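Peer 1: This is the structure I want to talk about, given as structure tokens.
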Amino acid sequence: MKSSLEAPEKQISEETSATPEKTQASVIDTSKMSAGKAAALDLAESSRDPLDERGSFASNLFVGKFAFDRIFPWPEQSPEDRSAGEPFLAQLKEYLHANVNADEIDRSGEIPQKNIDDLFAMGAFAIKVPKQYGGLGLSQVNYGRAAMLLGSWDANLTALVSAHQSIGVPQPLLLFGTEEQKAKYLPRVARHEISAFALTEAHAGSDPATMSLRADPTPDGSAFIMNGEKLWCTNGLKAGVLVVMAQTPPKMVNGKERKQITAFIVEVNTPGLDMPHRCRFMGLRALYNGVVTFKDVRVPRENIIAGEGKGLKVALTTLNTGRLTIPAACVGLCKRLLEVSRKWASERVQWGVPIGQHYAIAGKIAEMAGNTFAMEAITFLTSAMVDRKAGDLRIETAMCKMWSTEMTWKIADDAMQVRGGRGYETEKSLRDRGDEPTAVERFLRDCRINTIFEGSSEIMRLFIAREALDPHLKVGGAIFNTTLPMRTRIRSIFGSGSFYSRWYPRQYARAKPGDLSKLHEQLRPHVKYGAATSKKLARGLFHSMMRFGPKLDREQLLLSRYVGVATEIFAMNATCSYAQHLINTGKPAEEILSVANYFCQSAKARIAHHFAGTSKNADARGYALVQELLGGKHEMLRTGIV
Ligand SMILES: Cc1cc2nc3c(=O)[nH]c(=O)nc-3n(C[C@H](O)[C@H](O)[C@H](O)COP(=O)(O)OP(=O)(O)OC[C@H]3O[C@@H](n4cnc5c(N)ncnc54)[C@H](O)[C@@H]3O)c2cc1C
């Protein structure tokens, strides 16, 4: 589809290459940052691959480019792929139902070894690993469907299986491993050996660039000696092999010393490696998560993944796709919570009617239904696009992770409210007194961590905003330089030859949603709204860049509203595409349209709320208040408590 909005990033990057001095480094304001923050940013930036020039459906929304044809028609799973996955998925479903006691696992804090052995035997630990290495060789969509089954049943098993293959040894090796590494490790981790991923340290959480675990080369350079400690390594206590990120000696880059982070495959039985503490949590009580200590642990050089200094890139790239497992599991959980709520809201009578007939409860269940439908749409749309290698999907996967985990927490909270006191009671207690044993409280405890690990929601928003600003940052220059007079800046926008003199007026032109003739007429207005709103988003972002210049990256709450708008537009359009696909495959159109229309209407209300907050908010006042609090003021807020 050719349009007046064609490839703005491409045009931007052409301009950038013509003026190489205008790099993002000159636009991101590092002047007032501490040396540590500036160095961390520098390292993170150097580990970041530039975004694909064509962008993706979601990334293009930020520059006012709306390409519905990138996600519609729905990328249907091929019959071959479906039938390749079907026997395994059927076996997994039956196995979970008959043999996995999620309540017992939660209460004992242990997963029976038999469950682990059986899951290995059916290939559940190597779903995407090619058959030649002992895996099932299935697609991302089939892996997502497996995660959905697991997520609907038991979060502890989901975490075990997912940490092993989404971030543990299989995924980084599939992406970056040498042939020798794949031949040596993949059959092991596919068939009998659990793996884990060790990045976090006590002082390096969201900002892994500050890690301190060291790996120093031996004098002959054949190996590295590791010293330090990792925290919260999921699966660590069951694992035979780990992916460990460590600091290797710094290198000089452009006259400046740059920290090097390197990824290693580490055998757990190497002398000096120990796991002295098992961590215990609010939920996921059977997680085999622990502290890992390294005292002169010798790791051969050939165990480096992707080369020295490439560790952060390995971690970031692994997570770009690995992040899809959690949202797929969330879809399973939300379907289950919706079912629990649906059943209870129709059975439980209070004030003379089933509680589902009270508006307050109906409203919660409607949100659950709409959001679950949209969650399935964004997650499986993105998974299908991963299978088709449809370009750079890091924005989509980050949106899936952020949006789905936050919505799941809301859904779990609402399901508890719908179940009333029974929602708060444990499954065992309900069973023991003869009531229906439904574990809403366990689901709620277990799902809370999802907005924190594998990239917290805050970090996902920063990550998405960073990519969203990228096309503009590349052009940079006078426009965003708030130290220049506004006149000069405006002249640089509308001056002849400036990129913005062409781009900016187009953000006010009528939006073109593309060919919607194959879309149900009830869905078309939602897509048209998406096209128009992406321009409004692009204008808003541009105006904020004009206002704040390089300091915009500090305006996290403002940026998060723009990220919120784009994520909702993505979810609405994925929902429309998915709804049409379901209608085409014979699902009842009336029902599909009912849920899709409800979701789109509620998403529009959230978008309006986000936009309203960009001009009217209490952000600055709130920030000042918190600095007062952090500085020790407002003592009355600390008195009168134990
Ligand atoms: C159950 C569990 C399992 C885990 N499994 C693993 C694993 O297998 N491997 C592994 O390596 N790690 C693992 N982790 C670690 C997990 O990934 C981290 O907890 C996560 O990255 C956040 O780091 P942190 O807890 O240190 O929080 P911090 O980084 O200290 O952040 C605290 C809060 O501040 C916010 N914040 C931080 N920086 C910014 C910023 N620049 N702007 C705005 N907000 C910010 C965060 O979003 C968060 O809300 C696990 C953790 C838990 C609890």
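Ordering of the structure tokens sets the chain letters (A, B, ...); residue numbers start at 1 within each chain; ligands are numbered from 1 in the order shown.
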Using only C-alpha atoms and all ligand atoms, what are the residues with an atom within 6 Å of ligand 1, set out as a PyMOL selection string?

Peer 2: chain A and resi 197-200+205-206+232-234+452-456+458-459

Peer 1: DSSP on the backbone: which residues in region 75-166 of chain A end up as helix (DSSP H, G or I)? Give the answer as a PyMOL selection string.

Peer 2: chain A and resi 79-99+102-108+113-122+131-133+140-153+155-166

Peer 1: Of the candidates A:Arg48, A:Arg539, A:His472, A:Lys65, which one gets nearest to Pro513 (chain A) if we count only C-alpha atoms?

Peer 2: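 Nearest candidate to Pro513 (chain A) out of A:Arg48, A:Arg539, A:His472, A:Lys65: A:Lys65.
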
Peer 1: A:Val314, A:Ile464, A:Val253, A:Ala223: which is nearest Asp296 (chain A), counting only C-alpha atoms?

Peer 2: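 That would be A:Ala223, the residue with the smallest distance to Asp296 (chain A).
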
Peer 1: Please identify all polymer residues within 9 Å of Ala146 (chain A), counting only C-alpha atoms, omitting same-chain residues fewer than 2 positions from it, and present them as a list of chain:residue names.

Peer 2: A:Phe88, A:Leu89, A:Leu92, A:Lys93, A:Ala124, A:Ile127, A:Val141, A:Asn142, A:Tyr143, A:Gly144, A:Met148, A:Leu149, A:Leu150, A:Gly151, A:Ala328, A:Ala329

Peer 1: Report the distance between CA of Tyr598 (chain A) and CA of Ile411 (chain A) in Å, rounded to one decimal place.

Peer 2: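 If I compute the distance from CA of Tyr598 (chain A) to CA of Ile411 (chain A), I get 16.0 Å.
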
Peer 1: A:Ala384, A:Val100, A:Leu582, A:Ile194: which is nearest Val161 (chain A), counting only C-alpha atoms?

Peer 2: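 Closest residue, counting only C-alpha atoms: A:Ile194.
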
Peer 1: So that I can check the surroundings of Ser602 (chain A), please list as a VMD selection string every protein, DNA and RNA residue that reaches within 12 Å of it, counting only C-alpha atoms and ignoring chain neighbours fewer than 3 positions away.

Peer 2: chain A and resid 363 366 to 371 374 526 568 to 569 571 to 572 595 to 599 605 to 609

Peer 1: Could you pull out the strand (DSSP E) residues of region 107-272 of chain A from DSSP and send them as number ranges by chain?

Peer 2: A: 194-198, 214-217, 223-233, 239-253, 256-267

Peer 1: Please produce a file of the residues just selected, as a compact mmCIF listing (two decimals), in the first residue's frame, where the atoms kept are N, CA and C atoms.

Peer 2:
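Result file follows (out.txt):
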```txt
# COMPACT_ATOMS: atom_id res chain seq x y z
N ILE A 194 17.59 -29.60 33.04
CA ILE A 194 16.96 -28.28 33.15
C ILE A 194 18.03 -27.20 33.05
N SER A 195 17.65 -26.08 32.46
CA SER A 195 18.60 -24.96 32.35
C SER A 195 17.98 -23.70 32.94
N ALA A 196 18.83 -22.69 33.13
CA ALA A 196 18.37 -21.43 33.76
C ALA A 196 19.17 -20.26 33.21
N PHE A 197 18.72 -19.07 33.57
CA PHE A 197 19.30 -17.84 33.03
C PHE A 197 19.67 -16.94 34.20
N ALA A 198 20.94 -16.61 34.31
CA ALA A 198 21.39 -15.83 35.48
C ALA A 198 21.93 -14.48 35.03
N ARG A 214 32.38 -11.06 37.84
CA ARG A 214 33.51 -10.90 36.92
C ARG A 214 33.88 -12.23 36.28
N ALA A 215 34.34 -12.16 35.04
CA ALA A 215 34.92 -13.33 34.38
C ALA A 215 36.24 -12.85 33.77
N ASP A 216 37.34 -13.24 34.42
CA ASP A 216 38.65 -12.77 33.96
C ASP A 216 39.36 -13.87 33.19
N PRO A 217 39.97 -13.50 32.06
CA PRO A 217 40.63 -14.54 31.26
C PRO A 217 41.85 -15.12 31.99
N ALA A 223 40.47 -19.89 29.00
CA ALA A 223 39.28 -19.97 29.86
C ALA A 223 39.09 -18.65 30.61
N PHE A 224 37.99 -18.58 31.35
CA PHE A 224 37.71 -17.41 32.18
C PHE A 224 37.45 -17.88 33.61
N ILE A 225 37.82 -17.06 34.57
CA ILE A 225 37.59 -17.40 35.98
C ILE A 225 36.51 -16.47 36.52
N MET A 226 35.42 -17.09 36.98
CA MET A 226 34.27 -16.28 37.44
C MET A 226 34.27 -16.12 38.95
N ASN A 227 33.99 -14.89 39.38
CA ASN A 227 33.83 -14.60 40.80
C ASN A 227 32.68 -13.62 40.99
N GLY A 228 31.80 -13.92 41.94
CA GLY A 228 30.69 -13.02 42.21
C GLY A 228 29.43 -13.80 42.55
N GLU A 229 28.29 -13.13 42.43
CA GLU A 229 27.04 -13.74 42.89
C GLU A 229 25.86 -13.31 42.02
N LYS A 230 25.00 -14.25 41.74
CA LYS A 230 23.75 -13.93 41.02
C LYS A 230 22.57 -14.15 41.96
N LEU A 231 21.51 -13.41 41.72
CA LEU A 231 20.33 -13.48 42.60
C LEU A 231 19.11 -13.92 41.78
N TRP A 232 18.19 -14.62 42.43
CA TRP A 232 16.89 -14.98 41.85
C TRP A 232 16.99 -15.75 40.54
N CYS A 233 17.83 -16.74 40.52
CA CYS A 233 17.98 -17.52 39.29
C CYS A 233 16.91 -18.62 39.28
N ALA A 239 18.83 -26.99 37.96
CA ALA A 239 19.48 -26.95 36.65
C ALA A 239 20.80 -27.71 36.59
N GLY A 240 21.12 -28.19 35.39
CA GLY A 240 22.43 -28.79 35.15
C GLY A 240 23.34 -27.80 34.45
N VAL A 241 22.73 -26.83 33.79
CA VAL A 241 23.51 -25.88 33.01
C VAL A 241 22.83 -24.51 33.03
N LEU A 242 23.66 -23.45 33.08
CA LEU A 242 23.13 -22.07 33.18
C LEU A 242 23.67 -21.22 32.04
N VAL A 243 22.90 -20.19 31.68
CA VAL A 243 23.45 -19.10 30.88
C VAL A 243 23.77 -18.01 31.89
N VAL A 244 25.03 -17.60 31.95
CA VAL A 244 25.44 -16.61 32.96
C VAL A 244 26.01 -15.38 32.25
N MET A 245 25.53 -14.21 32.66
CA MET A 245 26.06 -12.96 32.12
C MET A 245 27.13 -12.44 33.08
N ALA A 246 28.29 -12.14 32.56
CA ALA A 246 29.37 -11.68 33.43
C ALA A 246 30.14 -10.54 32.78
N GLN A 247 30.83 -9.81 33.66
CA GLN A 247 31.65 -8.69 33.18
C GLN A 247 33.03 -9.22 32.80
N THR A 248 33.42 -9.03 31.54
CA THR A 248 34.76 -9.40 31.10
C THR A 248 35.58 -8.11 30.99
N PRO A 249 36.90 -8.18 30.81
CA PRO A 249 37.69 -6.95 30.85
C PRO A 249 37.19 -5.88 29.88
N PRO A 250 37.23 -4.60 30.31
CA PRO A 250 36.71 -3.52 29.47
C PRO A 250 37.53 -3.33 28.20
N LYS A 251 36.92 -2.67 27.22
CA LYS A 251 37.63 -2.39 25.96
C LYS A 251 37.58 -0.89 25.73
N MET A 252 38.53 -0.39 24.96
CA MET A 252 38.51 1.03 24.60
C MET A 252 37.67 1.17 23.33
N VAL A 253 36.63 2.01 23.40
CA VAL A 253 35.80 2.27 22.22
C VAL A 253 35.74 3.78 22.03
N LYS A 256 37.17 5.81 24.70
CA LYS A 256 36.60 5.72 26.06
C LYS A 256 36.54 4.25 26.47
N GLU A 257 36.74 4.03 27.77
CA GLU A 257 36.67 2.65 28.25
C GLU A 257 35.21 2.22 28.30
N ARG A 258 34.91 1.07 27.69
CA ARG A 258 33.53 0.58 27.74
C ARG A 258 33.49 -0.80 28.41
N LYS A 259 32.54 -0.90 29.36
CA LYS A 259 32.34 -2.16 30.07
C LYS A 259 31.94 -3.26 29.08
N GLN A 260 32.38 -4.48 29.32
CA GLN A 260 32.01 -5.59 28.44
C GLN A 260 31.21 -6.61 29.22
N ILE A 261 30.05 -6.96 28.70
CA ILE A 261 29.24 -8.01 29.34
C ILE A 261 29.22 -9.18 28.38
N THR A 262 29.53 -10.36 28.90
CA THR A 262 29.64 -11.54 28.03
C THR A 262 28.74 -12.65 28.57
N ALA A 263 28.12 -13.41 27.65
CA ALA A 263 27.25 -14.52 28.04
C ALA A 263 28.03 -15.83 27.97
N PHE A 264 27.93 -16.63 29.02
CA PHE A 264 28.64 -17.92 29.08
C PHE A 264 27.65 -19.05 29.35
N ILE A 265 28.00 -20.23 28.81
CA ILE A 265 27.28 -21.44 29.24
C ILE A 265 28.11 -22.01 30.38
N VAL A 266 27.46 -22.22 31.53
CA VAL A 266 28.22 -22.70 32.70
C VAL A 266 27.59 -24.00 33.22
N GLU A 267 28.44 -25.01 33.35
CA GLU A 267 27.98 -26.29 33.92
C GLU A 267 27.83 -26.10 35.44
```

Peer 1: List as JSON lines every residue of region 276-378 of chain A that is in contact with region 388-401 of chain A, defined as an atom at most 10 Å from one of its atoms (using only C-alpha atoms), together with the nearest atom pair and the distance in Å rounded to one decimal, sorted by chain and then rising number.

Peer 2:
```
{"residue": "A:Leu316", "atom": "CA", "partner": "A:Arg394", "partner_atom": "CA", "distance": 9.7}
{"residue": "A:Thr317", "atom": "CA", "partner": "A:Arg394", "partner_atom": "CA", "distance": 8.7}
{"residue": "A:Leu319", "atom": "CA", "partner": "A:Thr397", "partner_atom": "CA", "distance": 9.0}
{"residue": "A:Asn320", "atom": "CA", "partner": "A:Arg394", "partner_atom": "CA", "distance": 5.4}
{"residue": "A:Thr321", "atom": "CA", "partner": "A:Thr397", "partner_atom": "CA", "distance": 6.7}
{"residue": "A:Gly322", "atom": "CA", "partner": "A:Thr397", "partner_atom": "CA", "distance": 8.7}
{"residue": "A:Arg323", "atom": "CA", "partner": "A:Lys401", "partner_atom": "CA", "distance": 6.2}
{"residue": "A:Leu324", "atom": "CA", "partner": "A:Thr397", "partner_atom": "CA", "distance": 6.0}
{"residue": "A:Thr325", "atom": "CA", "partner": "A:Lys401", "partner_atom": "CA", "distance": 8.6}
{"residue": "A:Ile326", "atom": "CA", "partner": "A:Lys401", "partner_atom": "CA", "distance": 6.7}
{"residue": "A:Pro327", "atom": "CA", "partner": "A:Lys401", "partner_atom": "CA", "distance": 5.5}
{"residue": "A:Ala328", "atom": "CA", "partner": "A:Cys400", "partner_atom": "CA", "distance": 9.0}
{"residue": "A:Cys330", "atom": "CA", "partner": "A:Lys401", "partner_atom": "CA", "distance": 9.3}
{"residue": "A:Met375", "atom": "CA", "partner": "A:Cys400", "partner_atom": "CA", "distance": 7.5}
{"residue": "A:Glu376", "atom": "CA", "partner": "A:Cys400", "partner_atom": "CA", "distance": 9.6}
{"residue": "A:Ala377", "atom": "CA", "partner": "A:Cys400", "partner_atom": "CA", "distance": 9.7}
{"residue": "A:Ile378", "atom": "CA", "partner": "A:Cys400", "partner_atom": "CA", "distance": 6.3}
```

Peer 1: For the residues in the current selection, export N, CA and C atoms as a PDB file, in the first residue's frame.

Peer 2:
```pdb
ATOM      1  N   LEU A 316      19.174  -9.220  25.560  1.00  0.00           N
ATOM      2  CA  LEU A 316      18.074  -8.403  25.023  1.00  0.00           C
ATOM      3  C   LEU A 316      17.380  -9.120  23.870  1.00  0.00           C
ATOM      4  N   THR A 317      18.180  -9.723  22.983  1.00  0.00           N
ATOM      5  CA  THR A 317      17.589 -10.383  21.811  1.00  0.00           C
ATOM      6  C   THR A 317      16.821 -11.628  22.229  1.00  0.00           C
ATOM      7  N   LEU A 319      15.308 -12.093  24.993  1.00  0.00           N
ATOM      8  CA  LEU A 319      14.044 -11.678  25.602  1.00  0.00           C
ATOM      9  C   LEU A 319      13.058 -11.118  24.580  1.00  0.00           C
ATOM     10  N   ASN A 320      13.571 -10.598  23.470  1.00  0.00           N
ATOM     11  CA  ASN A 320      12.652 -10.036  22.465  1.00  0.00           C
ATOM     12  C   ASN A 320      11.590 -11.053  22.047  1.00  0.00           C
ATOM     13  N   THR A 321      11.990 -12.319  21.869  1.00  0.00           N
ATOM     14  CA  THR A 321      10.990 -13.338  21.548  1.00  0.00           C
ATOM     15  C   THR A 321      10.567 -14.091  22.802  1.00  0.00           C
ATOM     16  N   GLY A 322      11.536 -14.308  23.721  1.00  0.00           N
ATOM     17  CA  GLY A 322      11.244 -15.067  24.942  1.00  0.00           C
ATOM     18  C   GLY A 322      10.092 -14.456  25.716  1.00  0.00           C
ATOM     19  N   ARG A 323       9.925 -13.151  25.563  1.00  0.00           N
ATOM     20  CA  ARG A 323       8.873 -12.424  26.267  1.00  0.00           C
ATOM     21  C   ARG A 323       7.460 -12.825  25.879  1.00  0.00           C
ATOM     22  N   LEU A 324       7.330 -13.599  24.801  1.00  0.00           N
ATOM     23  CA  LEU A 324       5.971 -13.967  24.369  1.00  0.00           C
ATOM     24  C   LEU A 324       5.379 -15.111  25.184  1.00  0.00           C
ATOM     25  N   THR A 325       6.211 -15.828  25.921  1.00  0.00           N
ATOM     26  CA  THR A 325       5.684 -16.983  26.655  1.00  0.00           C
ATOM     27  C   THR A 325       4.771 -16.525  27.795  1.00  0.00           C
ATOM     28  N   ILE A 326       5.191 -15.499  28.517  1.00  0.00           N
ATOM     29  CA  ILE A 326       4.369 -15.042  29.659  1.00  0.00           C
ATOM     30  C   ILE A 326       2.977 -14.588  29.191  1.00  0.00           C
ATOM     31  N   PRO A 327       2.865 -13.726  28.163  1.00  0.00           N
ATOM     32  CA  PRO A 327       1.506 -13.369  27.740  1.00  0.00           C
ATOM     33  C   PRO A 327       0.673 -14.559  27.284  1.00  0.00           C
ATOM     34  N   ALA A 328       1.310 -15.548  26.646  1.00  0.00           N
ATOM     35  CA  ALA A 328       0.533 -16.728  26.223  1.00  0.00           C
ATOM     36  C   ALA A 328       0.003 -17.459  27.453  1.00  0.00           C
ATOM     37  N   CYS A 330      -0.592 -16.052  30.254  1.00  0.00           N
ATOM     38  CA  CYS A 330      -1.625 -15.161  30.812  1.00  0.00           C
ATOM     39  C   CYS A 330      -2.975 -15.393  30.130  1.00  0.00           C
ATOM     40  N   MET A 375      -6.125 -10.011  24.465  1.00  0.00           N
ATOM     41  CA  MET A 375      -4.827 -10.575  24.862  1.00  0.00           C
ATOM     42  C   MET A 375      -4.465 -11.747  23.957  1.00  0.00           C
ATOM     43  N   GLU A 376      -5.471 -12.568  23.676  1.00  0.00           N
ATOM     44  CA  GLU A 376      -5.236 -13.706  22.780  1.00  0.00           C
ATOM     45  C   GLU A 376      -4.886 -13.185  21.380  1.00  0.00           C
ATOM     46  N   ALA A 377      -5.573 -12.114  20.988  1.00  0.00           N
ATOM     47  CA  ALA A 377      -5.327 -11.557  19.645  1.00  0.00           C
ATOM     48  C   ALA A 377      -3.896 -11.027  19.523  1.00  0.00           C
ATOM     49  N   ILE A 378      -3.453 -10.190  20.462  1.00  0.00           N
ATOM     50  CA  ILE A 378      -2.104  -9.603  20.301  1.00  0.00           C
ATOM     51  C   ILE A 378      -1.022 -10.665  20.446  1.00  0.00           C
TER      52      ILE A 378
END
```

Peer 1: At what distance in Å, to one decimal, does CA of Ala531 (chain A) lie from CA of Arg466 (chain A)?

Peer 2: 22.0 Å

Peer 1: Using only C-alpha atoms, tabulate the residues of region 117-163 of chain A lying at most 12 Å from any atom of region 437-441 of chain A, each with its closest atom pair and that distance in Å to one decimal, by chain and increasing residue number, as JSON lines.

Peer 2:
```
{"residue": "A:Ser152", "atom": "CA", "partner": "A:Ala439", "partner_atom": "CA", "distance": 11.6}
{"residue": "A:Trp153", "atom": "CA", "partner": "A:Ala439", "partner_atom": "CA", "distance": 10.4}
{"residue": "A:Asp154", "atom": "CA", "partner": "A:Ala439", "partner_atom": "CA", "distance": 10.6}
{"residue": "A:Ala155", "atom": "CA", "partner": "A:Ala439", "partner_atom": "CA", "distance": 11.9}
```

Peer 1: Go ahead and save the picked residues with N, CA, C and O atoms, as a CSV table (one decimal), in the first residue's frame.

Peer 2:
```csv
chain,number,residue,atom,x,y,z
A,152,SER,N,-3.1,-22.0,32.2
A,152,SER,CA,-4.5,-22.2,32.7
A,152,SER,C,-4.5,-23.2,33.9
A,152,SER,O,-5.5,-23.3,34.5
A,153,TRP,N,-3.4,-23.9,34.1
A,153,TRP,CA,-3.5,-25.0,35.1
A,153,TRP,C,-2.5,-24.8,36.3
A,153,TRP,O,-2.9,-24.8,37.4
A,154,ASP,N,-1.2,-24.6,36.0
A,154,ASP,CA,-0.3,-24.5,37.1
A,154,ASP,C,0.9,-23.5,36.8
A,154,ASP,O,1.7,-23.8,35.9
A,155,ALA,N,1.0,-22.4,37.5
A,155,ALA,CA,2.0,-21.4,37.2
A,155,ALA,C,3.4,-21.9,37.6
A,155,ALA,O,4.3,-21.4,37.0
```

Peer 1: At what distance in Å, to one decimal, does CA of Pro112 (chain A) lie from CA of Ile167 (chain A)?

Peer 2: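 CA of Pro112 (chain A) lies at a distance of 22.8 Å from CA of Ile167 (chain A).
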
Peer 1: Pick out the residues sitting within 12 Å of Phe542 (chain A), and hand them over as a count of residues only; count only C-alpha atoms, and ignore anything fewer than 2 positions along from it in its own chain.

Peer 2: 33

Peer 1: Check the smallest atom-to-atom distance from each of A:Gly332, A:Gly109, A:Gly135, A:Gly309 to Ser404 (chain A) using only C-alpha atoms, then report the winner.

Peer 2: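 Of A:Gly332, A:Gly109, A:Gly135, A:Gly309, the one nearest Ser404 (chain A) is A:Gly332, counting only C-alpha atoms.
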
Peer 1: Considering only C-alpha atoms, can you say which of A:Met282, A:Ala102, A:Ala183, A:Val189 comes closest to Pro170 (chain A)?

Peer 2: A:Val189

Peer 1: Go through region 509-612 of chain A and flag each residue having an atom no more than 8 Å from region 68-80 of chain A; for those, report the closest pair of atoms plus their distance in Å to one decimal, using only C-alpha atoms, ordered by chain and rising number, as JSON lines.

Peer 2:
```
{"residue": "A:Pro513", "atom": "CA", "partner": "A:Phe68", "partner_atom": "CA", "distance": 6.8}
{"residue": "A:Gly514", "atom": "CA", "partner": "A:Phe68", "partner_atom": "CA", "distance": 6.8}
{"residue": "A:Asp515", "atom": "CA", "partner": "A:Asp69", "partner_atom": "CA", "distance": 8.0}
{"residue": "A:Val527", "atom": "CA", "partner": "A:Phe68", "partner_atom": "CA", "distance": 7.9}
{"residue": "A:Asn573", "atom": "CA", "partner": "A:Phe68", "partner_atom": "CA", "distance": 7.5}
{"residue": "A:Ala574", "atom": "CA", "partner": "A:Ile71", "partner_atom": "CA", "distance": 7.0}
{"residue": "A:Ser577", "atom": "CA", "partner": "A:Phe72", "partner_atom": "CA", "distance": 5.5}
{"residue": "A:Tyr578", "atom": "CA", "partner": "A:Trp74", "partner_atom": "CA", "distance": 6.1}
{"residue": "A:Gln580", "atom": "CA", "partner": "A:Trp74", "partner_atom": "CA", "distance": 7.9}
{"residue": "A:His581", "atom": "CA", "partner": "A:Trp74", "partner_atom": "CA", "distance": 6.0}
```

Peer 1: Go ahead and write the residues just picked, N, CA and C atoms, as a PDB file, in the first residue's frame.

Peer 2:
```
ATOM      1  N   PRO A 513      -7.010   4.369   6.228  1.00  0.00           N
ATOM      2  CA  PRO A 513      -6.898   3.086   6.921  1.00  0.00           C
ATOM      3  C   PRO A 513      -6.545   1.918   5.997  1.00  0.00           C
ATOM      4  N   GLY A 514      -6.546   2.149   4.677  1.00  0.00           N
ATOM      5  CA  GLY A 514      -6.269   1.049   3.741  1.00  0.00           C
ATOM      6  C   GLY A 514      -7.555   0.352   3.318  1.00  0.00           C
ATOM      7  N   ASP A 515      -7.391  -0.757   2.618  1.00  0.00           N
ATOM      8  CA  ASP A 515      -8.541  -1.480   2.072  1.00  0.00           C
ATOM      9  C   ASP A 515      -9.214  -2.314   3.179  1.00  0.00           C
ATOM     10  N   VAL A 527     -11.051   0.348  13.027  1.00  0.00           N
ATOM     11  CA  VAL A 527      -9.778   0.441  12.305  1.00  0.00           C
ATOM     12  C   VAL A 527      -9.572   1.877  11.813  1.00  0.00           C
ATOM     13  N   ASN A 573      -6.664  -3.130  16.885  1.00  0.00           N
ATOM     14  CA  ASN A 573      -6.562  -3.591  15.501  1.00  0.00           C
ATOM     15  C   ASN A 573      -6.265  -5.083  15.405  1.00  0.00           C
ATOM     16  N   ALA A 574      -5.471  -5.578  16.356  1.00  0.00           N
ATOM     17  CA  ALA A 574      -5.243  -7.033  16.401  1.00  0.00           C
ATOM     18  C   ALA A 574      -6.572  -7.731  16.679  1.00  0.00           C
ATOM     19  N   SER A 577      -8.672  -7.819  13.521  1.00  0.00           N
ATOM     20  CA  SER A 577      -8.143  -8.808  12.589  1.00  0.00           C
ATOM     21  C   SER A 577      -8.507 -10.227  13.052  1.00  0.00           C
ATOM     22  N   TYR A 578      -8.349 -10.457  14.355  1.00  0.00           N
ATOM     23  CA  TYR A 578      -8.633 -11.783  14.923  1.00  0.00           C
ATOM     24  C   TYR A 578     -10.130 -12.088  14.821  1.00  0.00           C
ATOM     25  N   GLN A 580     -12.293 -10.998  12.670  1.00  0.00           N
ATOM     26  CA  GLN A 580     -12.664 -11.333  11.292  1.00  0.00           C
ATOM     27  C   GLN A 580     -12.221 -12.754  10.941  1.00  0.00           C
ATOM     28  N   HIS A 581     -11.025 -13.114  11.419  1.00  0.00           N
ATOM     29  CA  HIS A 581     -10.521 -14.471  11.158  1.00  0.00           C
ATOM     30  C   HIS A 581     -11.471 -15.511  11.762  1.00  0.00           C
TER      31      HIS A 581
END
```

Peer 1: Between A:Thr614, A:Pro208, A:Lys182, A:Ala579, which residue has the minimum interatomic distance to Leu381 (chain A), considering only C-alpha atoms?

Peer 2: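 Closest residue, counting only C-alpha atoms: A:Ala579.
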